[in-house]
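*Asks:* Dropping a structure here in structure tokens format, bear with me for questions.
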Amino acid sequence: MDIKDIIKPENLVYEKPKLLTDKTMHYCPGCTHGVVHRLVAEVIEDLNIQEKTIGVSPVGCSVFAYNYIDIDWQEAAHGRAPAVATGIARVNEDKVVFTYQGDGDLASIGTAEIMHACNRGENIVVIFINNAIYGMTGGQMAPTTLLGQVTATTPCGRDLDRNGYPLKITELIAQLPGTAYVTRQSAHTPATARKCRKAIKKAFQNALDKKGTSFVEVVSTCNSGWRLNPVDANKWMEENMFPFFPMGDMKDGERDAPDAYFKKN
Amino acid sequence: MGELRLMKGNEVIAEAAIRCGCDGYFGYPITPQSEVMETLMDREPWDETGMVVLQAESEVASINMVYGAAGSGKKVMTSSSSPGISLMAEGISYIAGAELPCLIVNVQRGGPGLGTIQPSQADYFQSTKGGGHGDYRLIVLAPSSVQEMNDFVDLGFELAYKYRNPAMILTDGAIGQMMEKVELSDYKPRMTAEEIEAKYGSWATNGKKANREYNVITSLEMDSAKMESNNRRFQEKYKQMEEEEVRYEMFQCEDAEYILVAFGSSARICQKSVDLARAKGLKVGLLRPITLYPFPKKPIAELATKVKGFLTVEMNAGQMVEDVKLAAGCSNSSVPVEYFGRMGGIIPTPGEVVEALEQKLIEA
Ligand SMILES: Cc1ncc(C[n+]2csc(CCOP(=O)(O)OP(=O)(O)O)c2C)c(N)n1
Ligand code: SF4
Ligand SMILES: [Mg+2]
């Protein structure tokens, strides 16, 4: 059997989602961004919501997400994607709006915007790519960088006294009453990618059902920023990030009922 | 004749927004403009016209909500006062860079820093020369009455859409808080989704349609040649504004030997100053720029060939005076252009202005 036989249509088990454009991705080989883009494109296609969906790309390596998925996109300032998405969603109630943000964008410069959007229960989806580093600007410390982790601005490793603790922002988000679904996933193996896709699909379905904010963290690799090859980056992530950022759902349902939040008289 | 009311400037901004078919307001409280959002919340326009009103967590968020909503072609606005506008600077630059229409109202207070809640015109530079990063301009309208607070909401949106550029109403605490008679505009319906798609479907991110490519709203362009050509396009647009949108008003300038140049609150004071000066036998007129950008350079340049001097009257340390000097210098570089002003929230009196005119231009 040569290559021509292998690529016959009847042997096809997996194909490029129709909503992924033909533009060559600018991501480094091994980067998680490309995988998650694919999952998002598949979900939008599955739910048949291309004409309804508006993506908000961040400042970070995924600033160019708008080159790759065939939907309307708006590019936000660093950290402000949840506010931009709020603006779009509030005046377009029939649309499905999602942000796609890195850890620097979401958990550092944009903490106020993400907290308040989630607390208001904005009917949006947040895809949070946590690679524990600032990929785009050349590998500086992120709020999620682990203690001891070497980055361009922590050349001797992140130091507690100098830099403080790594931030588990998703755990904080899960406490907010406006969130419907908060989960942490990875996408580094076929099995985890499939699980992640399910989580993303649930998040988008929630937006269609107007359930409140859905938040999907994907623990990710930045092999370039970490100075590791893709295989070693995956290993490093499993050994170092997974214990600190455990997988699984933190909240699944809909935003809190208002009763407990009312003034008493 | 539209509906007549006695209203505060800030309240009128809110009322005019509802009536002109605005789709959304996003803001954060700050004195002396909080009545804008308070009035909107009180009016509950979501029941009446479907307009969305949201109190954001900060001015950073409110301008980015405006950016998002404007991206989808909707007619949206925010209002704030000086410190809040500083926080919005990044967002405003993005909106200008992404070429989106929106309306921003700055009810100025004195600065720098937390400054004072009293009226000021110290954000002239910030509003007319940029404020955020990069080469961009806002269309800046300066109302001098509560009536103009009403009229400029609609005008601001009209110009914002015409040029796909943010427009600003630059006013101050005096006009925001002042009550005057106002003739309110008639109601205009909000744009329908079909109208938005028909008019702005070439750029608005209102959901990709089967019959068009997907739209992307961004100010990012990594290719320098393309970024330069984007900048050239912006500059062309600003040039067109300078040719087509200059607005100003002249009082008793026909025979005037001296011209006061003042906008907004200061222009109201100066009308009185003109009367006082005329009563003294001094031939004084007033030129009131209504658009601060584009600035009325031409009428100033024309007057410069006829008059003996200009005095700008500003509630700041002398900002617009630079533009008057440039404009006057275009045709007569030797005509004196002086400045008089008060700062820190103090409004000059008409008499002070006449005194300054005599000292700086006549006796000098
Ligand atoms: C206001 C502002 N500050 C700083 C930057 C520079 N900057 C661009 S991307 C970035 C960090 C992005 O890191 P992250 O959000 O983790 O995304 P990643 O590239 O890792 O996916 C920074 C600091 C900017 N563009 N704007
Ligand atoms: S720098 Fe890191 S986050 Fe950016 S594309 Fe490369 S691997 Fe991905
Ligand atoms: Mg990152």
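Note on naming: chains are A, B, ... as they come in the structure tokens, residues start from 1 per chain, ligands start from 1 in the order shown.
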Any residue with an atom at most 10 Å from ligand 2 counts, using only C-alpha atoms and all ligand atoms. Which are they? Put them as a ChimeraX atom specification.

*Replies:* /A:25-34,60-62,102,129-139,220-230,233

*Asks:* Please produce a file of those selected residues containing N, CA and C atoms, as an mmCIF file, in the first residue's frame.

*Replies:*
```
data_model
loop_
_atom_site.group_PDB
_atom_site.id
_atom_site.type_symbol
_atom_site.label_atom_id
_atom_site.label_comp_id
_atom_site.auth_asym_id
_atom_site.auth_seq_id
_atom_site.Cartn_x
_atom_site.Cartn_y
_atom_site.Cartn_z
ATOM 1 N N MET A 25 -0.599 28.594 9.555
ATOM 2 C CA MET A 25 -0.546 29.107 10.929
ATOM 3 C C MET A 25 0.853 29.596 11.259
ATOM 4 N N HIS A 26 0.894 30.697 12.024
ATOM 5 C CA HIS A 26 2.192 31.274 12.370
ATOM 6 C C HIS A 26 2.752 30.664 13.651
ATOM 7 N N TYR A 27 1.989 29.771 14.269
ATOM 8 C CA TYR A 27 2.428 29.227 15.555
ATOM 9 C C TYR A 27 3.647 28.322 15.398
ATOM 10 N N CYS A 28 4.459 28.276 16.458
ATOM 11 C CA CYS A 28 5.615 27.390 16.446
ATOM 12 C C CYS A 28 5.124 25.946 16.380
ATOM 13 N N PRO A 29 5.875 25.065 15.727
ATOM 14 C CA PRO A 29 5.493 23.651 15.734
ATOM 15 C C PRO A 29 5.431 23.164 17.182
ATOM 16 N N GLY A 30 4.362 22.449 17.522
ATOM 17 C CA GLY A 30 4.222 21.933 18.887
ATOM 18 C C GLY A 30 3.384 22.822 19.781
ATOM 19 N N CYS A 31 3.087 24.033 19.331
ATOM 20 C CA CYS A 31 2.313 24.981 20.141
ATOM 21 C C CYS A 31 0.866 24.522 20.291
ATOM 22 N N THR A 32 0.315 24.721 21.477
ATOM 23 C CA THR A 32 -1.066 24.276 21.731
ATOM 24 C C THR A 32 -2.103 25.152 21.011
ATOM 25 N N HIS A 33 -1.770 26.404 20.733
ATOM 26 C CA HIS A 33 -2.749 27.311 20.125
ATOM 27 C C HIS A 33 -3.412 26.690 18.900
ATOM 28 N N GLY A 34 -2.594 26.101 18.013
ATOM 29 C CA GLY A 34 -3.124 25.551 16.769
ATOM 30 C C GLY A 34 -4.151 24.459 17.031
ATOM 31 N N GLY A 60 -1.383 38.724 22.288
ATOM 32 C CA GLY A 60 -0.641 37.535 22.679
ATOM 33 C C GLY A 60 -0.377 36.786 21.405
ATOM 34 N N CYS A 61 0.211 35.599 21.473
ATOM 35 C CA CYS A 61 0.519 34.870 20.239
ATOM 36 C C CYS A 61 -0.726 34.639 19.403
ATOM 37 N N SER A 62 -1.877 34.534 20.061
ATOM 38 C CA SER A 62 -3.098 34.243 19.305
ATOM 39 C C SER A 62 -3.796 35.508 18.811
ATOM 40 N N GLY A 102 -4.705 34.477 26.350
ATOM 41 C CA GLY A 102 -3.567 33.849 27.027
ATOM 42 C C GLY A 102 -3.558 34.214 28.500
ATOM 43 N N ILE A 129 -5.946 30.083 27.357
ATOM 44 C CA ILE A 129 -4.768 29.275 27.050
ATOM 45 C C ILE A 129 -3.668 29.594 28.063
ATOM 46 N N ASN A 130 -3.511 28.686 29.007
ATOM 47 C CA ASN A 130 -2.526 28.893 30.072
ATOM 48 C C ASN A 130 -1.247 28.129 29.743
ATOM 49 N N ASN A 131 -0.246 28.872 29.242
ATOM 50 C CA ASN A 131 1.036 28.230 28.955
ATOM 51 C C ASN A 131 2.130 28.726 29.908
ATOM 52 N N ALA A 132 1.714 29.357 30.992
ATOM 53 C CA ALA A 132 2.617 29.747 32.076
ATOM 54 C C ALA A 132 3.756 30.664 31.627
ATOM 55 N N ILE A 133 3.516 31.389 30.546
ATOM 56 C CA ILE A 133 4.571 32.284 30.054
ATOM 57 C C ILE A 133 3.967 33.304 29.087
ATOM 58 N N TYR A 134 4.688 34.390 28.864
ATOM 59 C CA TYR A 134 4.310 35.335 27.817
ATOM 60 C C TYR A 134 4.992 34.869 26.544
ATOM 61 N N GLY A 135 4.263 34.114 25.719
ATOM 62 C CA GLY A 135 4.870 33.587 24.510
ATOM 63 C C GLY A 135 5.250 34.685 23.536
ATOM 64 N N MET A 136 4.307 35.565 23.266
ATOM 65 C CA MET A 136 4.491 36.509 22.168
ATOM 66 C C MET A 136 5.676 37.449 22.340
ATOM 67 N N THR A 137 5.882 37.896 23.562
ATOM 68 C CA THR A 137 6.925 38.907 23.767
ATOM 69 C C THR A 137 8.290 38.280 24.053
ATOM 70 N N GLY A 138 8.382 36.958 23.935
ATOM 71 C CA GLY A 138 9.697 36.326 24.031
ATOM 72 C C GLY A 138 9.945 35.562 25.318
ATOM 73 N N GLY A 139 8.879 35.183 26.018
ATOM 74 C CA GLY A 139 9.067 34.239 27.119
ATOM 75 C C GLY A 139 9.334 34.855 28.478
ATOM 76 N N SER A 220 -1.477 24.505 28.585
ATOM 77 C CA SER A 220 -0.873 24.456 27.258
ATOM 78 C C SER A 220 0.641 24.497 27.322
ATOM 79 N N THR A 221 1.252 24.202 26.190
ATOM 80 C CA THR A 221 2.710 24.313 26.109
ATOM 81 C C THR A 221 3.087 25.535 25.289
ATOM 82 N N CYS A 222 4.227 26.085 25.649
ATOM 83 C CA CYS A 222 4.871 27.091 24.799
ATOM 84 C C CYS A 222 6.298 26.625 24.668
ATOM 85 N N ASN A 223 6.504 25.677 23.760
ATOM 86 C CA ASN A 223 7.833 25.074 23.694
ATOM 87 C C ASN A 223 8.920 26.092 23.374
ATOM 88 N N SER A 224 8.588 27.103 22.551
ATOM 89 C CA SER A 224 9.608 28.117 22.247
ATOM 90 C C SER A 224 9.957 28.916 23.490
ATOM 91 N N GLY A 225 8.944 29.357 24.210
ATOM 92 C CA GLY A 225 9.192 30.148 25.415
ATOM 93 C C GLY A 225 9.869 29.328 26.493
ATOM 94 N N TRP A 226 9.526 28.073 26.530
ATOM 95 C CA TRP A 226 10.119 27.196 27.544
ATOM 96 C C TRP A 226 11.496 26.682 27.130
ATOM 97 N N ARG A 227 11.869 26.938 25.880
ATOM 98 C CA ARG A 227 13.149 26.469 25.332
ATOM 99 C C ARG A 227 13.227 24.938 25.353
ATOM 100 N N LEU A 228 12.141 24.274 24.951
ATOM 101 C CA LEU A 228 12.105 22.815 24.914
ATOM 102 C C LEU A 228 11.558 22.378 23.559
ATOM 103 N N ASN A 229 11.923 21.164 23.128
ATOM 104 C CA ASN A 229 11.293 20.672 21.911
ATOM 105 C C ASN A 229 9.870 20.244 22.250
ATOM 106 N N PRO A 230 8.989 20.077 21.255
ATOM 107 C CA PRO A 230 7.578 19.797 21.544
ATOM 108 C C PRO A 230 7.358 18.583 22.441
ATOM 109 N N ALA A 233 8.400 19.442 25.915
ATOM 110 C CA ALA A 233 7.473 20.446 26.465
ATOM 111 C C ALA A 233 6.233 19.749 27.031
#
```

*Asks:* Counting only C-alpha atoms, which residues from chain A have an atom at most 10 Å from any atom of chain B, and could you show them as a PyMOL selection string?

*Replies:* chain A and resi 49-57+59+63-64+66-67+69-92+94-97+110+112-113+115-117+120

*Asks:* May I ask which of the residues A:Val36, A:Met250, A:Cys196, A:Val216 is the closest one to ligand 1, counting only C-alpha atoms and all ligand atoms?

*Replies:*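 Selected residue with least distance to ligand 1: A:Val36.
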
*Asks:* So that I can see what lies close to stretch 295-299 of chain B, please list as a ChimeraX atom specification the residues with an atom at most 6 Å from it, counting only C-alpha atoms and leaving out residues fewer than 3 positions away in the same chain.

*Replies:* /B:246,291-292,302,327

*Asks:* Report as a list in words: the residues of stretch 221-285 of chain B with a DSSP assignment of strand (DSSP E or B), based on the backbone of this structure.

*Replies:*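 Of stretch 221-285 of chain B, only Tyr248, Glu249, Met250, Phe251, Tyr258, Ile259, Leu260, Val261, Val284 and Gly285 of chain B fall in strand (DSSP E or B).
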
*Asks:* Any chance you could export the current selection's N, CA and C atoms as a CSV table (one decimal), in the first residue's frame?

*Replies:*
```csv
chain,number,residue,atom,x,y,z
B,248,TYR,N,-18.0,76.9,13.1
B,248,TYR,CA,-17.7,77.9,14.1
B,248,TYR,C,-18.8,79.0,14.0
B,249,GLU,N,-18.7,79.9,14.9
B,249,GLU,CA,-19.7,81.0,15.0
B,249,GLU,C,-18.9,82.3,15.2
B,250,MET,N,-19.4,83.4,14.6
B,250,MET,CA,-18.8,84.7,14.8
B,250,MET,C,-19.8,85.7,15.4
B,251,PHE,N,-19.4,86.5,16.4
B,251,PHE,CA,-20.2,87.5,16.9
B,251,PHE,C,-19.5,88.9,16.7
B,258,TYR,N,-10.3,93.8,17.5
B,258,TYR,CA,-9.7,92.7,18.3
B,258,TYR,C,-10.7,91.5,18.3
B,259,ILE,N,-10.1,90.4,18.3
B,259,ILE,CA,-11.0,89.2,18.3
B,259,ILE,C,-10.7,88.3,19.5
B,260,LEU,N,-11.7,88.0,20.2
B,260,LEU,CA,-11.6,87.0,21.3
B,260,LEU,C,-11.9,85.6,20.6
B,261,VAL,N,-11.1,84.6,21.0
B,261,VAL,CA,-11.4,83.3,20.5
B,261,VAL,C,-11.6,82.4,21.7
B,284,VAL,N,-14.6,95.0,19.5
B,284,VAL,CA,-14.2,93.6,19.8
B,284,VAL,C,-15.2,92.7,19.3
B,285,GLY,N,-14.8,91.6,18.8
B,285,GLY,CA,-15.7,90.5,18.3
B,285,GLY,C,-15.2,89.1,18.9
```

*Asks:* List the spatial neighbours of B:Val307 as a compact mmCIF listing (two decimals) with N, CA, C and O atoms, in the first residue's frame - criterion: any atom at most 9 Å away, only C-alpha atoms, same-chain residues fewer than 4 positions off excluded.

*Replies:*
```txt
# COMPACT_ATOMS: atom_id res chain seq x y z
N ASP B 255 -16.69 94.51 12.04
CA ASP B 255 -15.90 95.74 12.17
C ASP B 255 -14.84 95.61 13.27
O ASP B 255 -14.24 96.59 13.69
N ALA B 256 -14.65 94.38 13.78
CA ALA B 256 -13.82 94.23 14.99
C ALA B 256 -12.34 94.49 14.71
O ALA B 256 -11.81 94.13 13.66
N GLU B 257 -11.70 95.11 15.70
CA GLU B 257 -10.25 95.30 15.64
C GLU B 257 -9.54 94.24 16.47
O GLU B 257 -8.38 93.93 16.24
N TYR B 258 -10.27 93.77 17.47
CA TYR B 258 -9.71 92.71 18.32
C TYR B 258 -10.68 91.55 18.35
O TYR B 258 -11.89 91.74 18.43
N ILE B 259 -10.13 90.35 18.30
CA ILE B 259 -10.98 89.15 18.28
C ILE B 259 -10.69 88.29 19.50
O ILE B 259 -9.53 87.92 19.76
N LEU B 303 -9.26 86.68 9.26
CA LEU B 303 -9.34 87.80 10.21
C LEU B 303 -7.96 88.39 10.50
O LEU B 303 -7.82 89.58 10.74
N VAL B 335 0.64 89.53 13.54
CA VAL B 335 -0.50 89.92 14.35
C VAL B 335 -0.36 89.26 15.72
O VAL B 335 -0.08 88.07 15.81
```

*Asks:* Got a sec to tell me which of stretch 89-202 of chain B DSSP assigns to helix (DSSP H, G or I), as an mmCIF file with C-alpha atoms, in the first residue's frame?

*Replies:*
```cif
data_model
loop_
_atom_site.group_PDB
_atom_site.id
_atom_site.type_symbol
_atom_site.label_atom_id
_atom_site.label_comp_id
_atom_site.auth_asym_id
_atom_site.auth_seq_id
_atom_site.Cartn_x
_atom_site.Cartn_y
_atom_site.Cartn_z
ATOM 1 C CA ALA B 89 -6.972 56.715 25.931
ATOM 2 C CA GLU B 90 -5.744 53.283 24.849
ATOM 3 C CA GLY B 91 -9.229 52.198 23.848
ATOM 4 C CA ILE B 92 -9.900 55.391 21.931
ATOM 5 C CA SER B 93 -6.689 54.880 19.990
ATOM 6 C CA TYR B 94 -7.810 51.323 19.119
ATOM 7 C CA ILE B 95 -11.204 52.600 17.973
ATOM 8 C CA ALA B 96 -9.558 55.214 15.768
ATOM 9 C CA GLY B 97 -7.065 52.641 14.471
ATOM 10 C CA TYR B 124 -8.062 70.581 24.855
ATOM 11 C CA PHE B 125 -4.669 69.150 23.918
ATOM 12 C CA GLN B 126 -5.695 65.643 24.926
ATOM 13 C CA SER B 127 -8.836 65.776 22.800
ATOM 14 C CA THR B 128 -7.587 67.589 19.719
ATOM 15 C CA VAL B 146 -27.550 72.878 26.915
ATOM 16 C CA GLN B 147 -29.261 73.077 23.512
ATOM 17 C CA GLU B 148 -26.014 72.172 21.821
ATOM 18 C CA MET B 149 -25.549 69.270 24.246
ATOM 19 C CA ASN B 150 -28.750 67.935 22.682
ATOM 20 C CA ASP B 151 -27.885 68.773 19.088
ATOM 21 C CA PHE B 152 -24.336 67.462 19.145
ATOM 22 C CA VAL B 153 -25.278 63.936 20.208
ATOM 23 C CA ASP B 154 -26.974 63.371 16.879
ATOM 24 C CA LEU B 155 -24.379 65.378 14.974
ATOM 25 C CA GLY B 156 -21.558 63.502 16.706
ATOM 26 C CA PHE B 157 -22.986 60.145 15.642
ATOM 27 C CA GLU B 158 -23.642 61.382 12.129
ATOM 28 C CA LEU B 159 -20.029 62.495 11.697
ATOM 29 C CA ALA B 160 -18.699 59.382 13.431
ATOM 30 C CA TYR B 161 -20.491 57.152 10.915
ATOM 31 C CA LYS B 162 -19.668 59.389 7.967
ATOM 32 C CA TYR B 163 -15.948 59.074 8.692
ATOM 33 C CA GLY B 173 -18.767 70.715 34.418
ATOM 34 C CA ALA B 174 -20.397 74.105 34.005
ATOM 35 C CA ILE B 175 -22.451 73.131 30.966
ATOM 36 C CA GLY B 176 -22.990 69.604 32.265
ATOM 37 C CA GLN B 177 -24.497 70.872 35.510
ATOM 38 C CA ALA B 193 -30.097 44.300 11.826
ATOM 39 C CA GLU B 194 -30.924 44.443 8.093
ATOM 40 C CA GLU B 195 -30.073 48.131 7.872
ATOM 41 C CA ILE B 196 -26.775 47.522 9.631
ATOM 42 C CA GLU B 197 -25.911 44.676 7.281
ATOM 43 C CA ALA B 198 -26.886 46.732 4.233
ATOM 44 C CA LYS B 199 -24.973 49.844 5.285
ATOM 45 C CA TYR B 200 -22.027 48.443 7.223
#
```

*Asks:* What's the separation between atom CA of B:Met222 and atom CA of A:Thr111, in Å to one decimal place?

*Replies:* 27.1 Å

*Asks:* Considering only C-alpha atoms, return as a PyMOL selection string whatever protein or nucleic-acid residues lie within 7 Å of A:Arg158, sequence-local ones (same chain, fewer than 4 positions apart) excluded.

*Replies:* chain A and resi 146-150+154+163

*Asks:* Could those selected residues go to a file with C-alpha atoms, as a PDB file, in the first residue's frame?

*Replies:*
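Saved file out_12.pdb follows:
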```
ATOM      1  CA  LEU A 146       5.522  28.275  38.534  1.00  0.00           C
ATOM      2  CA  LEU A 147       7.981  28.988  41.331  1.00  0.00           C
ATOM      3  CA  GLY A 148      11.448  28.086  40.138  1.00  0.00           C
ATOM      4  CA  GLN A 149      10.391  28.241  36.454  1.00  0.00           C
ATOM      5  CA  VAL A 150      13.004  29.964  34.322  1.00  0.00           C
ATOM      6  CA  THR A 154      13.100  35.201  35.971  1.00  0.00           C
ATOM      7  CA  ASN A 163       7.580  37.675  42.158  1.00  0.00           C
TER       8      ASN A 163
END
```

*Asks:* One number please: atom CA of B:Gly281 to atom CA of B:Ile346, in Å, one decimal.

*Replies:*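 Going from atom CA of B:Gly281 over to atom CA of B:Ile346, I get 28.0 Å.
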